There are 2 protein chains.
Amino acid sequence: MSIVVVGSVAFDSLKTPYGVREKVLGGAATYFSLSASYFTDVRVVGVVGDDFTAADEAVMNKRGVDTRGIQRAKGKTFFWKGEYGDNVNEAQTLQTDLNVFASFQPQIPAEYHNSDFLFLANIDPVLQAQVRDAMPNVKLVGGDTMNYWIKDHRQNLGEMLKRVDVLLINDTEAKMLADDSSLPRAARKVLELGPKALVIKHGEYGATIFFRDGQFAGGHHPFRAPALPLDEVRDPTGAGDSFAGGFMGYIASQGEVTRNVLKHAMFYGSVMGSFSVEQFGTERLQSLSREEIDQRFSVFRELTHLD
Amino acid sequence: MSIVVVGSVAFDSLKTPYGVREKVLGGAATYFSLSASYFTDVRVVGVVGDDFTAADEAVMNKRGVDTRGIQRAKGKTFFWKGEYGDNVNEAQTLQTDLNVFASFQPQIPAEYHNSDFLFLANIDPVLQAQVRDAMPNVKLVGGDTMNYWIKDHRQNLGEMLKRVDVLLINDTEAKMLADDSSLPRAARKVLELGPKALVIKHGEYGATIFFRDGQFAGGHHPFRAPALPLDEVRDPTGAGDSFAGGFMGYIASQGEVTRNVLKHAMFYGSVMGSFSVEQFGTERLQSLSREEIDQRFSVFRELTHLD
């Protein structure tokens, strides 16, 4: 089954201890699309400027991603410049030019409306809510957000949270959203705001999914997927969006959304996140095979599997 | 099979967001002993002062711990006063009085010499090396250390590392010891210093064991045990020592030291750490049952188990 993703398409300039890249293809929707494309049909909604070339678009098309939902606007594409030090979990933003993204009004092409799954990448929660309402028949909606919206757009975010089934955020965002320093307590509070399940990403320590009681067949105990201890994290950019792509993509590839499917989706999310950071930008996500993915899935499984 | 633990016996004054306790029984060897006592026979070596009462000793004896190796010295028992804020992973030390511990010279009672396992809790690495050399016939030696020894006693620590089979430390200590910000790379460097296996504890995110190639039957890929997402961490003191007690205690209870045994030991370590922090001091470790422990083991297994 197909999935629609709405979010940023961008150019990133990146500096990490492993090197430097100028204006490479990035953005949440891009990472998500490429990652999810190994599991299901992906349709992307976003906006780009005059500097977005046919070659850029072809990166997605080569992976079978439907880009008819990418609008072209006058001006430049969203640009982000960031640097990572030794602590790969913390990016230092050097420059953010929203450009055409500042006035992004998502439009869902008619051809996308029969999609069963929807992912709302990190954009203004007002837009997220609008998109969700424009696709009332989807089976499951996933969503992301960030500290900026949590801090200063709480009411709009509240409306968005009532409209997502699975929210994917990191530890800091979860604690900030719930105003609680205990992660499991924060998780419970966030689940009271709307989502049926909450995925909290712990960076190099993996991710945990918390369930609202009685929402998914198979029980409501939390479940944790590990992250692979990687020697070389060349570029952490997009790890979270790649996780979301693997997670949602796997769910969309299955007939039903059960606890068991969500557990496997957690592992596939971790797997795709681990591939993404091995190379700069979306490089690694452009050239994977399903065999490589399933091989790493086995490694992840072995990492925590007791006989 | 029995295990000897050498380390501190102490009194702790504790303040956490959940309350305050004055001068309760603590110390690495105490937490370790109580935790390991649910799996195997434990023999403790330490030193206490005049203020250590029969009732204090009885806490260990009730759990079957052999306390003949606890020396009595003139003066007061090691005292530590600490406080935890909202971040339960970081203790603020308010007072440390080494007292009789300052001149601790471990003596292994004759009755302990037939023990097959040894755990060197966090003390001066010179003493750790002496104790290890005094027990040449043990099957497996576990050890702990801390930033103080890593920073300023590197050479002595090097001698100790050549004498332990499994080192148990946390993320910060591993990175400091290897002078490397990448955890898996740090792990590999630490393994080159001596240990056959390295357990790195990640606090609320669990722990990972890294293996030196070809040291244990069953492969050398790392293995990760989760920590239970706990709503209420009442007192984090002793979590690491309780983990070590469960880990080493379980190993000592098994006939052989294989990768599979070490994997299960990682889970039992996590289980005991999770019990320890539920109540202040050693309270929770004094009154467990093996049924409760195995029940929680199942919960931990379920937390990461894919069908």
# chains A, B, ... in the order shown; residues from 1 in each chain; ligands from 1
$ closest_atom_pairs --of "chain A" --to "chain B" --cutoff "6 Å" --atoms "only C-alpha atoms" --output "Markdown table"
| residue | atom | partner | partner_atom | distance |
| --- | --- | --- | --- | --- |
| A:Pro184 | CA | B:Asp231 | CA | 5.5 |
| A:Arg185 | CA | B:Asp231 | CA | 5.6 |
| A:Phe223 | CA | B:Leu303 | CA | 4.7 |
| A:Arg224 | CA | B:Thr304 | CA | 5.3 |
| A:Pro229 | CA | B:Pro184 | CA | 5.7 |
| A:Asp231 | CA | B:Pro184 | CA | 5.5 |
| A:Leu303 | CA | B:Phe223 | CA | 4.7 |
| A:Thr304 | CA | B:Arg224 | CA | 5.3 |
$ calpha_fit_rmsd --fixed "chain A" --moving "chain B"
0.0 Å
$ residues_around --residues "region 67-76 of chain A" --least-positions-apart "4" --cutoff "8 Å" --atoms "only C-alpha atoms" --output "PDB file with all heavy atoms, in the first residue's frame"
ATOM      1  N   ARG A  43       4.778   8.668  -2.130  1.00  0.00           N
ATOM      2  CA  ARG A  43       4.346   9.871  -2.845  1.00  0.00           C
ATOM      3  C   ARG A  43       4.686  11.072  -1.986  1.00  0.00           C
ATOM      4  O   ARG A  43       4.255  11.163  -0.840  1.00  0.00           O
ATOM      5  CB  ARG A  43       2.829   9.790  -3.057  1.00  0.00           C
ATOM      6  CG  ARG A  43       2.448   8.600  -3.913  1.00  0.00           C
ATOM      7  CD  ARG A  43       1.027   8.138  -3.681  1.00  0.00           C
ATOM      8  NE  ARG A  43       0.617   7.202  -4.723  1.00  0.00           N
ATOM      9  CZ  ARG A  43      -0.654   6.815  -4.923  1.00  0.00           C
ATOM     10  NH1 ARG A  43      -1.616   7.271  -4.144  1.00  0.00           N
ATOM     11  NH2 ARG A  43      -0.939   5.978  -5.895  1.00  0.00           N
ATOM     12  N   VAL A  44       5.422  11.999  -2.564  1.00  0.00           N
ATOM     13  CA  VAL A  44       5.929  13.095  -1.758  1.00  0.00           C
ATOM     14  C   VAL A  44       5.232  14.418  -2.089  1.00  0.00           C
ATOM     15  O   VAL A  44       4.890  14.691  -3.229  1.00  0.00           O
ATOM     16  CB  VAL A  44       7.474  13.202  -1.912  1.00  0.00           C
ATOM     17  CG1 VAL A  44       7.872  13.475  -3.342  1.00  0.00           C
ATOM     18  CG2 VAL A  44       8.079  14.236  -0.972  1.00  0.00           C
ATOM     19  N   VAL A  45       5.007  15.221  -1.034  1.00  0.00           N
ATOM     20  CA  VAL A  45       4.447  16.562  -1.176  1.00  0.00           C
ATOM     21  C   VAL A  45       5.430  17.544  -0.546  1.00  0.00           C
ATOM     22  O   VAL A  45       5.804  17.375   0.620  1.00  0.00           O
ATOM     23  CB  VAL A  45       3.079  16.675  -0.463  1.00  0.00           C
ATOM     24  CG1 VAL A  45       2.566  18.120  -0.506  1.00  0.00           C
ATOM     25  CG2 VAL A  45       2.071  15.727  -1.082  1.00  0.00           C
ATOM     26  N   GLY A  46       5.840  18.530  -1.319  1.00  0.00           N
ATOM     27  CA  GLY A  46       6.794  19.508  -0.799  1.00  0.00           C
ATOM     28  C   GLY A  46       6.885  20.692  -1.733  1.00  0.00           C
ATOM     29  O   GLY A  46       6.079  20.832  -2.655  1.00  0.00           O
ATOM     30  N   VAL A  47       7.866  21.541  -1.485  1.00  0.00           N
ATOM     31  CA  VAL A  47       8.057  22.694  -2.360  1.00  0.00           C
ATOM     32  C   VAL A  47       9.552  22.921  -2.574  1.00  0.00           C
ATOM     33  O   VAL A  47      10.341  22.740  -1.646  1.00  0.00           O
ATOM     34  CB  VAL A  47       7.390  23.963  -1.775  1.00  0.00           C
ATOM     35  CG1 VAL A  47       8.044  24.374  -0.451  1.00  0.00           C
ATOM     36  CG2 VAL A  47       7.449  25.130  -2.766  1.00  0.00           C
ATOM     37  N   VAL A  48       9.893  23.283  -3.812  1.00  0.00           N
ATOM     38  CA  VAL A  48      11.297  23.575  -4.131  1.00  0.00           C
ATOM     39  C   VAL A  48      11.367  24.862  -4.963  1.00  0.00           C
ATOM     40  O   VAL A  48      10.352  25.335  -5.477  1.00  0.00           O
ATOM     41  CB  VAL A  48      11.955  22.427  -4.939  1.00  0.00           C
ATOM     42  CG1 VAL A  48      12.006  21.145  -4.112  1.00  0.00           C
ATOM     43  CG2 VAL A  48      11.211  22.197  -6.261  1.00  0.00           C
ATOM     44  N   GLY A  49      12.575  25.407  -5.080  1.00  0.00           N
ATOM     45  CA  GLY A  49      12.769  26.648  -5.841  1.00  0.00           C
ATOM     46  C   GLY A  49      13.432  26.406  -7.184  1.00  0.00           C
ATOM     47  O   GLY A  49      13.575  25.261  -7.634  1.00  0.00           O
ATOM     48  N   ASP A  50      13.839  27.501  -7.802  1.00  0.00           N
ATOM     49  CA  ASP A  50      14.419  27.443  -9.152  1.00  0.00           C
ATOM     50  C   ASP A  50      15.707  26.631  -9.205  1.00  0.00           C
ATOM     51  O   ASP A  50      16.095  26.118 -10.257  1.00  0.00           O
ATOM     52  CB  ASP A  50      14.770  28.863  -9.643  1.00  0.00           C
ATOM     53  CG  ASP A  50      13.645  29.847  -9.381  1.00  0.00           C
ATOM     54  OD1 ASP A  50      12.479  29.436  -9.570  1.00  0.00           O
ATOM     55  OD2 ASP A  50      13.931  30.992  -8.982  1.00  0.00           O
ATOM     56  N   ASP A  51      16.397  26.566  -8.072  1.00  0.00           N
ATOM     57  CA  ASP A  51      17.700  25.894  -8.048  1.00  0.00           C
ATOM     58  C   ASP A  51      17.587  24.375  -7.956  1.00  0.00           C
ATOM     59  O   ASP A  51      18.597  23.669  -7.924  1.00  0.00           O
ATOM     60  CB  ASP A  51      18.549  26.436  -6.892  1.00  0.00           C
ATOM     61  CG  ASP A  51      17.811  26.392  -5.558  1.00  0.00           C
ATOM     62  OD1 ASP A  51      16.587  26.099  -5.559  1.00  0.00           O
ATOM     63  OD2 ASP A  51      18.440  26.658  -4.514  1.00  0.00           O
ATOM     64  N   GLU A  57      15.578  15.833  -8.710  1.00  0.00           N
ATOM     65  CA  GLU A  57      14.296  15.119  -8.692  1.00  0.00           C
ATOM     66  C   GLU A  57      14.497  13.647  -9.068  1.00  0.00           C
ATOM     67  O   GLU A  57      13.847  12.746  -8.525  1.00  0.00           O
ATOM     68  CB  GLU A  57      13.315  15.785  -9.666  1.00  0.00           C
ATOM     69  CG  GLU A  57      11.900  15.253  -9.534  1.00  0.00           C
ATOM     70  CD  GLU A  57      10.861  16.229 -10.099  1.00  0.00           C
ATOM     71  OE1 GLU A  57      11.252  17.335 -10.556  1.00  0.00           O
ATOM     72  OE2 GLU A  57       9.666  15.875 -10.070  1.00  0.00           O
ATOM     73  N   MET A  60      15.013  10.899  -6.471  1.00  0.00           N
ATOM     74  CA  MET A  60      13.810  10.276  -5.895  1.00  0.00           C
ATOM     75  C   MET A  60      13.120   9.367  -6.903  1.00  0.00           C
ATOM     76  O   MET A  60      12.700   8.261  -6.564  1.00  0.00           O
ATOM     77  CB  MET A  60      12.853  11.363  -5.401  1.00  0.00           C
ATOM     78  CG  MET A  60      13.395  12.113  -4.198  1.00  0.00           C
ATOM     79  SD  MET A  60      12.152  13.139  -3.381  1.00  0.00           S
ATOM     80  CE  MET A  60      12.893  14.744  -3.593  1.00  0.00           C
ATOM     81  N   ASN A  61      13.001   9.837  -8.125  1.00  0.00           N
ATOM     82  CA  ASN A  61      12.306   9.038  -9.150  1.00  0.00           C
ATOM     83  C   ASN A  61      12.977   7.696  -9.376  1.00  0.00           C
ATOM     84  O   ASN A  61      12.305   6.680  -9.594  1.00  0.00           O
ATOM     85  CB  ASN A  61      12.233   9.809 -10.477  1.00  0.00           C
ATOM     86  CG  ASN A  61      11.439  11.100 -10.361  1.00  0.00           C
ATOM     87  OD1 ASN A  61      11.762  12.090 -11.002  1.00  0.00           O
ATOM     88  ND2 ASN A  61      10.409  11.115  -9.514  1.00  0.00           N
ATOM     89  N   ASN A  99      13.545  30.259   2.612  1.00  0.00           N
ATOM     90  CA  ASN A  99      13.281  30.516   1.182  1.00  0.00           C
ATOM     91  C   ASN A  99      11.845  30.153   0.806  1.00  0.00           C
ATOM     92  O   ASN A  99      10.921  30.544   1.534  1.00  0.00           O
ATOM     93  CB  ASN A  99      14.309  29.776   0.316  1.00  0.00           C
ATOM     94  CG  ASN A  99      15.729  30.297   0.560  1.00  0.00           C
ATOM     95  OD1 ASN A  99      15.913  31.462   0.888  1.00  0.00           O
ATOM     96  ND2 ASN A  99      16.722  29.439   0.416  1.00  0.00           N
ATOM     97  N   VAL A 100      11.648  29.373  -0.244  1.00  0.00           N
ATOM     98  CA  VAL A 100      10.270  29.072  -0.697  1.00  0.00           C
ATOM     99  C   VAL A 100       9.469  28.270   0.329  1.00  0.00           C
ATOM    100  O   VAL A 100       8.237  28.246   0.290  1.00  0.00           O
ATOM    101  CB  VAL A 100      10.268  28.313  -2.045  1.00  0.00           C
ATOM    102  CG1 VAL A 100      10.935  29.153  -3.132  1.00  0.00           C
ATOM    103  CG2 VAL A 100      10.958  26.955  -1.922  1.00  0.00           C
ATOM    104  N   GLN A 107      -0.302  20.930  -1.100  1.00  0.00           N
ATOM    105  CA  GLN A 107      -1.438  20.540  -1.940  1.00  0.00           C
ATOM    106  C   GLN A 107      -1.301  19.053  -2.236  1.00  0.00           C
ATOM    107  O   GLN A 107      -0.267  18.632  -2.749  1.00  0.00           O
ATOM    108  CB  GLN A 107      -1.399  21.302  -3.281  1.00  0.00           C
ATOM    109  CG  GLN A 107      -1.365  22.817  -3.147  1.00  0.00           C
ATOM    110  CD  GLN A 107      -2.662  23.391  -2.608  1.00  0.00           C
ATOM    111  OE1 GLN A 107      -3.722  22.762  -2.734  1.00  0.00           O
ATOM    112  NE2 GLN A 107      -2.573  24.565  -1.994  1.00  0.00           N
ATOM    113  N   ILE A 108      -2.358  18.307  -1.939  1.00  0.00           N
ATOM    114  CA  ILE A 108      -2.311  16.877  -2.199  1.00  0.00           C
ATOM    115  C   ILE A 108      -2.836  16.617  -3.609  1.00  0.00           C
ATOM    116  O   ILE A 108      -4.020  16.871  -3.880  1.00  0.00           O
ATOM    117  CB  ILE A 108      -3.193  16.082  -1.204  1.00  0.00           C
ATOM    118  CG1 ILE A 108      -2.979  16.569   0.230  1.00  0.00           C
ATOM    119  CG2 ILE A 108      -2.949  14.581  -1.336  1.00  0.00           C
ATOM    120  CD1 ILE A 108      -1.633  16.277   0.804  1.00  0.00           C
ATOM    121  N   PRO A 109      -2.014  16.135  -4.535  1.00  0.00           N
ATOM    122  CA  PRO A 109      -2.503  15.854  -5.885  1.00  0.00           C
ATOM    123  C   PRO A 109      -3.647  14.832  -5.837  1.00  0.00           C
ATOM    124  O   PRO A 109      -3.660  13.951  -4.967  1.00  0.00           O
ATOM    125  CB  PRO A 109      -1.278  15.249  -6.586  1.00  0.00           C
ATOM    126  CG  PRO A 109      -0.101  15.715  -5.807  1.00  0.00           C
ATOM    127  CD  PRO A 109      -0.576  15.828  -4.398  1.00  0.00           C
TER     128      PRO A 109
END
$ select_by_dssp --residues "region 62-206 of chain A" --states "strand (DSSP E or B)" --output "NGL selection string"
:A and (66-72 or 78-84 or 91-97 or 117-120 or 140-143 or 166-170 or 197-201)
$ select_by_dssp --residues "region 52-250 of chain B" --states "alpha helix (DSSP H)" --output "ChimeraX atom specification"
/B:54-62,125-134,147-152,154-161,171-178,183-192,239-250
